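Participant: Sharing target02.cif below, mmCIF, C-alpha atoms:
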```cif
data_structure
#
loop_
_atom_site.label_atom_id
_atom_site.label_comp_id
_atom_site.auth_asym_id
_atom_site.auth_seq_id
_atom_site.Cartn_x
_atom_site.Cartn_y
_atom_site.Cartn_z
CA THR A 14 31.29 -12.98 22.20
CA LEU A 15 29.72 -10.70 24.79
CA THR A 16 27.49 -7.86 23.66
CA LEU A 17 26.74 -5.00 26.02
CA GLU A 18 23.78 -2.70 25.40
CA LEU A 19 24.11 0.71 27.05
CA ARG A 20 20.97 2.77 27.69
CA ASP A 21 20.39 6.14 29.30
CA ASN A 22 17.56 4.70 31.36
CA ALA A 23 15.30 1.70 31.74
CA GLU A 24 12.24 1.42 29.46
CA VAL A 25 9.45 -0.52 31.14
CA LEU A 26 6.34 -1.60 29.22
CA ILE A 27 3.22 -3.47 30.28
CA ASN A 28 1.84 -5.99 27.78
CA ALA A 29 4.05 -4.59 25.02
CA GLY A 30 2.79 -1.04 25.56
CA ALA A 31 -0.96 -1.68 25.70
CA ASP A 32 -3.07 1.16 27.10
CA THR A 33 -5.94 -1.02 28.32
CA VAL A 34 -6.38 -4.61 29.46
CA PHE A 35 -9.94 -5.92 29.04
CA VAL A 36 -11.42 -8.57 31.32
CA CYS A 37 -14.91 -10.02 31.51
CA PRO A 38 -16.54 -10.27 34.99
CA GLY A 39 -14.81 -13.00 36.96
CA GLY A 40 -12.05 -13.38 34.40
CA THR A 41 -8.32 -13.48 35.08
CA ALA A 42 -5.95 -11.55 32.84
CA ASN A 43 -2.24 -12.13 32.37
CA LEU A 44 0.08 -9.17 32.83
CA GLU A 45 3.61 -8.96 31.43
CA ALA A 46 6.14 -6.24 32.23
CA SER A 47 9.39 -5.97 30.28
CA GLY A 48 12.48 -3.79 30.19
CA ALA A 49 13.90 -4.34 33.70
CA LEU A 50 14.99 -7.05 36.14
CA ASN A 51 13.03 -6.17 39.27
CA TYR A 52 9.40 -5.05 39.38
CA PHE A 53 6.83 -3.75 41.80
CA TRP A 54 3.12 -3.46 40.94
CA GLU A 55 0.69 -0.99 42.52
CA PRO A 56 -1.78 -1.37 44.07
CA PRO A 57 0.01 -4.49 45.28
CA LEU A 58 -3.13 -6.29 46.47
CA ALA A 59 -4.71 -6.04 43.02
CA VAL A 60 -2.34 -8.59 41.44
CA SER A 61 -1.36 -12.15 42.31
CA ASP A 62 2.25 -11.20 43.11
CA PRO A 63 3.40 -7.56 43.01
CA ASN A 64 7.11 -8.48 42.85
CA ILE A 65 7.26 -10.45 39.59
CA SER A 66 7.16 -9.41 35.97
CA ASN A 67 4.12 -11.50 35.03
CA PRO A 68 1.41 -11.54 37.69
CA THR A 69 -2.29 -12.10 37.03
CA ILE A 70 -5.25 -9.96 37.94
CA THR A 71 -8.88 -10.86 38.63
CA PRO A 72 -10.46 -7.43 38.96
CA THR A 73 -13.77 -6.64 40.63
CA GLN A 74 -13.81 -3.08 39.29
CA ASP A 75 -12.05 -0.90 36.75
CA LEU A 76 -8.69 0.34 37.99
CA TRP A 77 -5.29 1.70 37.02
CA LEU A 78 -2.24 -0.49 37.51
CA LYS A 79 1.28 0.88 37.78
CA VAL A 80 4.52 -1.04 37.63
CA THR A 81 7.98 0.20 38.51
CA GLY A 82 10.91 -1.62 36.99
CA ALA A 83 14.56 -1.34 37.97
CA ILE A 84 17.76 -2.59 36.41
CA GLY A 85 21.11 -1.59 37.89
CA GLY A 86 20.80 2.04 38.84
CA CYS A 87 18.03 2.74 36.32
CA ALA A 88 14.29 2.71 36.91
CA ASP A 89 11.16 3.40 34.88
CA THR A 90 7.40 3.12 35.30
CA ASP A 91 4.45 2.24 33.12
CA SER A 92 0.73 2.04 33.74
CA VAL A 93 -2.27 0.31 32.22
CA PHE A 94 -6.01 0.62 32.68
CA VAL A 95 -7.82 -2.62 33.56
CA LYS A 96 -11.39 -2.47 32.33
CA ILE A 97 -14.22 -4.92 32.97
CA ILE A 98 -16.34 -5.46 29.87
CA ASN A 99 -19.62 -7.37 29.83
CA ASN A 100 -20.28 -7.91 26.13
CA PRO A 101 -17.23 -7.88 23.86
CA THR A 102 -18.13 -7.46 20.19
CA LEU A 103 -16.29 -8.12 16.95
CA ASP A 104 -17.05 -6.95 13.42
CA VAL A 105 -14.97 -8.09 10.46
CA GLN A 106 -14.74 -5.85 7.39
CA SER A 107 -12.39 -5.14 4.53
CA VAL A 108 -10.99 -1.99 2.99
CA GLY A 109 -13.04 -1.98 -0.18
CA ALA A 110 -15.21 -4.79 -1.48
CA PRO A 111 -13.87 -8.29 -0.67
CA ASN A 112 -13.50 -9.11 -4.36
CA ILE A 113 -9.99 -9.25 -5.77
CA CYS A 114 -8.04 -10.54 -8.73
CA GLN A 115 -5.56 -13.36 -8.13
CA GLY A 116 -2.25 -11.75 -7.18
CA ASP A 117 -3.83 -8.67 -5.56
CA THR A 118 -4.02 -7.94 -1.82
CA LEU A 119 -6.89 -6.90 0.43
CA GLN A 120 -6.70 -5.40 3.91
CA LEU A 121 -8.93 -7.05 6.49
CA LEU A 122 -10.27 -5.20 9.54
CA ALA A 123 -11.31 -6.74 12.87
CA ILE A 124 -13.11 -4.00 14.80
CA SER A 125 -13.81 -4.63 18.49
CA ASN A 126 -15.03 -2.73 21.53
CA ALA A 127 -12.39 -4.58 23.55
CA GLY A 128 -9.18 -3.53 21.87
CA SER A 129 -7.10 -5.54 19.44
CA ALA A 130 -4.63 -7.41 21.63
CA ASN A 131 -6.61 -10.66 21.76
CA ILE A 132 -7.60 -11.07 18.10
CA SER A 133 -6.37 -13.89 15.88
CA TRP A 134 -7.25 -15.07 12.36
CA THR A 135 -7.79 -18.50 10.83
CA PRO A 136 -6.70 -19.87 8.52
CA LYS A 137 -3.30 -18.23 8.87
CA SER A 138 -2.24 -18.94 5.29
CA ARG A 139 -1.81 -16.04 2.87
CA LEU A 140 -2.07 -13.43 5.65
CA SER A 141 0.64 -10.89 6.42
CA ASN A 142 0.13 -11.36 10.18
CA ALA A 143 -2.53 -13.69 11.57
CA ASP A 144 -2.27 -12.04 15.02
CA SER A 145 -2.83 -8.51 13.74
CA PRO A 146 -6.31 -6.97 13.83
CA ASN A 147 -5.73 -5.56 10.33
CA PRO A 148 -3.69 -8.02 8.25
CA MET A 149 -3.20 -7.98 4.50
CA ALA A 150 -4.73 -10.98 2.72
CA TYR A 151 -3.43 -12.30 -0.61
CA PRO A 152 -5.23 -15.62 -1.22
CA LEU A 153 -4.89 -17.56 -4.46
CA SER A 154 -8.51 -18.70 -4.47
CA THR A 155 -11.80 -17.77 -2.81
CA ILE A 156 -11.49 -18.26 0.95
CA THR A 157 -13.33 -17.44 4.19
CA TYR A 158 -11.29 -15.88 7.00
CA THR A 159 -12.48 -16.01 10.61
CA ALA A 160 -11.36 -13.51 13.26
CA THR A 161 -11.70 -14.56 16.91
CA LEU A 162 -11.61 -12.28 19.95
CA GLN A 163 -10.72 -13.96 23.25
CA ILE A 164 -11.28 -11.87 26.39
CA PRO A 165 -10.49 -13.55 29.73
CA GLY A 166 -13.70 -14.67 31.43
CA CYS A 167 -15.85 -14.55 28.27
CA ALA A 168 -16.61 -17.05 25.53
CA PRO A 169 -14.74 -16.40 22.28
CA VAL A 170 -16.43 -14.00 19.86
CA SER A 171 -15.97 -14.60 16.12
CA ASP A 172 -16.89 -13.05 12.81
CA GLN A 173 -16.11 -14.02 9.22
CA ILE A 174 -15.45 -12.56 5.82
CA THR A 175 -15.27 -14.32 2.46
CA VAL A 176 -12.69 -13.01 0.00
CA ASN A 177 -13.73 -13.76 -3.57
CA VAL A 178 -10.74 -14.33 -5.84
CA ASP A 179 -11.06 -14.13 -9.62
CA THR A 180 -8.58 -15.58 -12.10
CA LEU A 181 -8.01 -13.71 -15.35
CA PHE A 182 -6.95 -15.69 -18.41
CA LEU A 183 -5.15 -13.56 -20.99
CA PRO A 184 -4.41 -15.25 -24.33
CA ALA A 185 -0.91 -15.26 -25.76
CA ILE A 186 -0.51 -12.10 -27.83
CA PRO A 187 2.36 -11.22 -30.21
CA THR A 188 4.82 -8.93 -28.50
CA LEU A 189 5.79 -7.23 -31.78
CA ASP A 190 3.65 -5.52 -34.38
CA THR A 191 3.16 -7.46 -37.59
CA ALA A 192 2.91 -6.62 -41.27
CA VAL A 193 0.69 -8.47 -43.75
CA CYS A 194 -0.36 -7.94 -47.31
CA GLN A 195 -3.73 -6.39 -47.95
CA ASN A 196 -6.59 -8.93 -47.88
CA TYR A 197 -4.46 -11.54 -46.09
CA PRO A 198 -5.96 -12.80 -42.79
CA TYR A 199 -4.04 -12.55 -39.52
CA GLN A 200 -4.90 -14.08 -36.13
CA LEU A 201 -4.54 -11.47 -33.40
CA ALA A 202 -4.02 -13.82 -30.42
CA GLU A 203 -4.21 -17.37 -29.19
CA SER A 204 -7.62 -19.05 -29.31
CA VAL A 205 -8.54 -20.26 -25.81
CA GLN A 206 -11.71 -21.39 -24.08
CA THR A 207 -11.78 -19.94 -20.56
CA SER A 208 -14.15 -18.39 -18.04
CA SER A 209 -12.89 -14.92 -18.97
CA THR A 210 -14.63 -12.76 -21.55
CA TYR A 211 -12.93 -10.85 -24.36
CA ALA A 212 -13.73 -7.75 -26.39
CA TRP A 213 -11.63 -6.43 -29.29
CA THR A 214 -11.97 -2.89 -30.63
CA PRO A 215 -12.41 -1.70 -33.26
CA ALA A 216 -14.57 -4.56 -34.48
CA ALA A 217 -14.12 -3.67 -38.16
CA GLY A 218 -12.19 -6.29 -40.08
CA LEU A 219 -12.62 -8.98 -37.39
CA ASN A 220 -14.51 -12.23 -37.84
CA ASP A 221 -15.45 -12.37 -34.12
CA PRO A 222 -14.54 -9.41 -31.86
CA ASN A 223 -15.66 -11.35 -28.76
CA SER A 224 -13.33 -14.31 -29.18
CA SER A 225 -9.89 -14.50 -27.61
CA GLY A 226 -8.11 -14.80 -30.96
CA PRO A 227 -10.16 -13.39 -33.85
CA ILE A 228 -9.05 -13.33 -37.47
CA ALA A 229 -8.30 -9.82 -38.71
CA THR A 230 -8.51 -8.75 -42.36
CA PRO A 231 -8.31 -4.98 -42.13
CA ASP A 232 -8.20 -2.71 -45.20
CA GLN A 233 -5.63 -0.44 -43.60
CA THR A 234 -3.10 -0.42 -40.79
CA THR A 235 -5.07 -0.86 -37.57
CA THR A 236 -4.27 -1.08 -33.86
CA TYR A 237 -6.62 -3.47 -32.10
CA THR A 238 -7.21 -3.29 -28.33
CA LEU A 239 -8.18 -6.36 -26.31
CA THR A 240 -10.03 -5.97 -23.00
CA ALA A 241 -10.11 -9.20 -21.00
CA THR A 242 -12.47 -9.50 -18.02
CA SER A 243 -12.58 -12.26 -15.40
CA ALA A 244 -15.69 -14.35 -14.77
CA ASN A 245 -16.99 -12.22 -11.87
CA GLY A 246 -15.75 -8.91 -13.21
CA ASN A 247 -13.10 -8.42 -10.50
CA CYS A 248 -10.18 -8.34 -12.94
CA THR A 249 -9.58 -6.53 -16.21
CA GLN A 250 -6.52 -6.25 -18.39
CA THR A 251 -5.87 -4.70 -21.78
CA ALA A 252 -3.40 -5.38 -24.56
CA THR A 253 -2.88 -4.04 -28.08
CA VAL A 254 -1.84 -5.51 -31.41
CA THR A 255 -0.99 -3.40 -34.47
CA VAL A 256 -1.47 -4.94 -37.90
CA ASN A 257 0.46 -3.00 -40.53
CA ILE A 258 -1.10 -3.42 -43.97
CA ILE A 259 1.06 -3.53 -47.11
CA PRO A 260 -1.17 -2.41 -50.00
CA ALA A 261 -1.58 -5.00 -52.74
CA ASP A 262 -1.53 -3.65 -56.33
CA VAL A 263 -1.77 -5.65 -59.56
CA ASP A 264 -1.14 -3.94 -62.93
CA ILE A 265 -1.35 -5.31 -66.51
CA LEU A 266 1.63 -3.85 -68.35
CA GLY A 267 1.39 -2.39 -71.80
CA MET A 268 -1.32 -0.56 -73.65
CA ASP A 269 -4.79 -0.35 -72.32
CA LEU A 270 -6.18 -1.61 -75.68
CA VAL A 271 -4.65 -4.32 -77.87
CA GLU A 272 -6.33 -5.28 -81.16
CA ILE A 273 -5.57 -8.67 -82.75
CA CYS A 274 -7.02 -10.81 -85.49
CA LEU A 275 -9.07 -13.85 -84.70
CA GLY A 276 -6.73 -16.77 -84.11
CA ASP A 277 -3.68 -14.65 -83.29
CA THR A 278 -2.03 -14.72 -79.88
CA VAL A 279 -0.82 -11.97 -77.65
CA THR A 280 1.42 -12.03 -74.58
CA LEU A 281 0.05 -10.32 -71.51
CA THR A 282 2.29 -9.30 -68.62
CA ALA A 283 1.04 -8.59 -65.11
CA GLU A 284 3.00 -7.01 -62.28
CA ALA A 285 2.10 -7.34 -58.59
CA LYS A 286 3.29 -5.02 -55.86
CA PRO A 287 4.70 -6.07 -53.54
CA THR A 288 6.23 -8.99 -55.41
#
```
What do you get writing this file as structure tokens?
Facilitator:
Amino acid sequence: TLTLELRDNAEVLINAGADTVFVCPGGTANLEASGALNYFWEPPLAVSDPNISNPTITPTQDLWLKVTGAIGGCADTDSVFVKIINNPTLDVQSVGAPNICQGDTLQLLAISNAGSANISWTPKSRLSNADSPNPMAYPLSTITYTATLQIPGCAPVSDQITVNVDTLFLPAIPTLDTAVCQNYPYQLAESVQTSSTYAWTPAAGLNDPNSSGPIATPDQTTTYTLTATSANGNCTQTATVTVNIIPADVDILGMDLVEICLGDTVTLTAEAKPT
């Protein structure tokens, strides 16, 4: 199978469209033109070979480079500014505090005075793109990420950020509301011992509103709300349980007053609702 791609014109790019190439004094930078078959770089004496797609440059001053690429009868040009930098810097930050709940994401930022083309992250695990200056991180546990900036001719520059990951433990909670007779106890959730803290509201009718699974004995139908918080306070989650109370009523049937002689017997009848 032969696939032909037809274009109105060539589209030449230098270093994937970068505007600036940074080099430390005495350093040699790699250039890469794409989008054509034949190339010519200007000024020609500034690069190692002006007639190839990937020459190198060891600049002695800031300058503009231009490349012209041709393919068939089409041609295009692109340019890039080559800048000498003495002290590249790198500062690693995050969008928001670097404290997340397990399962959440956090955007990392590597901010440099020498562009973003030469930045990489380690470790690469749980990052959306380890070669991006601003990847999304979604670690499963607390981890330290290191960003490294490598400018030709300079020693690598690094900075770090620690992402603190909290785990929230939510006890098993009934998915359906329940109904119990008045004065009968009911456990609202599973009893667990974890690093998370728990708070049930309202506290009325509960034996321990700060346990994961308190015993409820409410006098009337009540909806209880659980707020669970992770050990470092980075995660919170709420859940509700409604306990529907069936009123308990016991009646002694018959007259309110029965008079008998000493030694006689009488039959008493009681009725409970619900039965």
Participant: If the PyMOL selection byres ((chain A and resi 174-181) around 6) is run on the structure shown, which residues does it catch, given as a list in words?
Facilitator: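 On this input, the PyMOL selection byres ((chain A and resi 174-181) around 6) captures Pro111, Asn112, Ile113, Cys114, Gln115, Ser154, Thr155, Ile156, Thr157, Tyr158, Gln173, Phe182 and Ser243 of chain A.
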Participant: Grab the atom CA of Asp190 of chain A to atom CA of Val205 of chain A distance for me, in Å with one decimal place.
Facilitator: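 Straight-line distance from atom CA of Asp190 of chain A to atom CA of Val205 of chain A works out to 21.0 Å.
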Participant: For the structure shown, which residues end up in the PyMOL selection byres ((chain A and resi 232) around 10)? Put them as a ChimeraX atom specification, please?
Facilitator: /A:194-197,217-218,229-231,233-235,257-260
Participant: I'd like the neighbourhood of Leu189 of chain A as a VMD selection string, where a residue qualifies if any of its atoms comes within 12 Å (using only C-alpha atoms), though same-chain residues fewer than 5 positions away should be ignored.
Facilitator: chain A and resid 201 to 202 236 252 to 257
Participant: Kindly extract all protein, DNA and RNA residues lying within 9 Å of the coordinates (-6.3, -15.7, 23.2) given in the file, considering all atoms listed in the file, and supply them as a list of chain:residue names.
Facilitator: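 Returned residue set, sorted by chain then number, is A:Ala130, A:Asn131, A:Ile132, A:Ser133, A:Thr161, A:Leu162, A:Gln163, A:Ile164, A:Pro165, A:Pro169.
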Participant: In Å, rounded to a single decimal, give me how far atom CA of Leu103 of chain A is from atom CA of Ala160 of chain A.
Facilitator: 8.2 Å
Participant: Can you work out the spacing between atom CA of Arg139 of chain A and atom CA of Gln206 of chain A in Å, to one decimal?
Facilitator: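 If I compute the distance from atom CA of Arg139 of chain A to atom CA of Gln206 of chain A, I get 29.2 Å.
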Participant: Find the residues around Thr207 of chain A up to 12 Å (all atoms listed in the file counted), leave out those fewer than 2 positions away in its own chain, and share them as a PyMOL selection string.
Facilitator: chain A and resi 180-184+203-205+209-211+224-225+241-244
Participant: Of the candidates A:Ile27, A:Ala88, A:Leu275, A:Val105, which shows the shortest atom-to-atom distance to Asn67 of chain A, using only C-alpha atoms?
Facilitator: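 Of A:Ile27, A:Ala88, A:Leu275, A:Val105, the one nearest Asn67 of chain A is A:Ile27, counting only C-alpha atoms.
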Participant: Please define a box with edges along x, y and z of the file around all atoms of segment 79-91 of chain A given in the file, extend it by 4 Å on each side, and return its centre and edge lengths in Å to one decimal, as lines of an AutoDock Vina configuration file.
Facilitator:
```
center_x = 11.2
center_y = 0.4
center_z = 36.0
size_x = 27.8
size_y = 14.0
size_z = 13.7
```
Participant: Under the rule that only C-alpha atoms are counted, which of A:Ile97, A:Ala143, A:Ala110, A:Val36 is the nearest residue to Ala123 of chain A?
Facilitator: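 Smallest distance to Ala123 of chain A is found for A:Ala143.
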Participant: Starting from the displayed file, determine the output of the PyMOL selection byres ((chain A and resi 43-54) around 10) and express the residue list as a PyMOL selection string.
Facilitator: chain A and resi 22-30+34+36+41-42+55-71+78-85+87-93+165
Participant: What's around Leu239 of chain A at 6 Å? Count all atoms listed in the file, leave out sequence neighbours fewer than 2 positions away in its own chain, and write the answer as a list in words.
Facilitator: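 Answer for this query is Ala212, Trp213, Thr251 and Ala252 of chain A.
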Participant: Which residue, A:Val271, A:Ile98, A:Leu121, A:Leu140, has the smallest gap to Asp172 of chain A when you use all atoms listed in the file?
Facilitator: A:Leu121
Participant: Choose the residue, out of A:Thr282, A:Asn100, A:Thr159, A:Asn223, that has the smallest atom-to-atom separation from Asp269 of chain A; count only C-alpha atoms.
Facilitator: A:Thr282
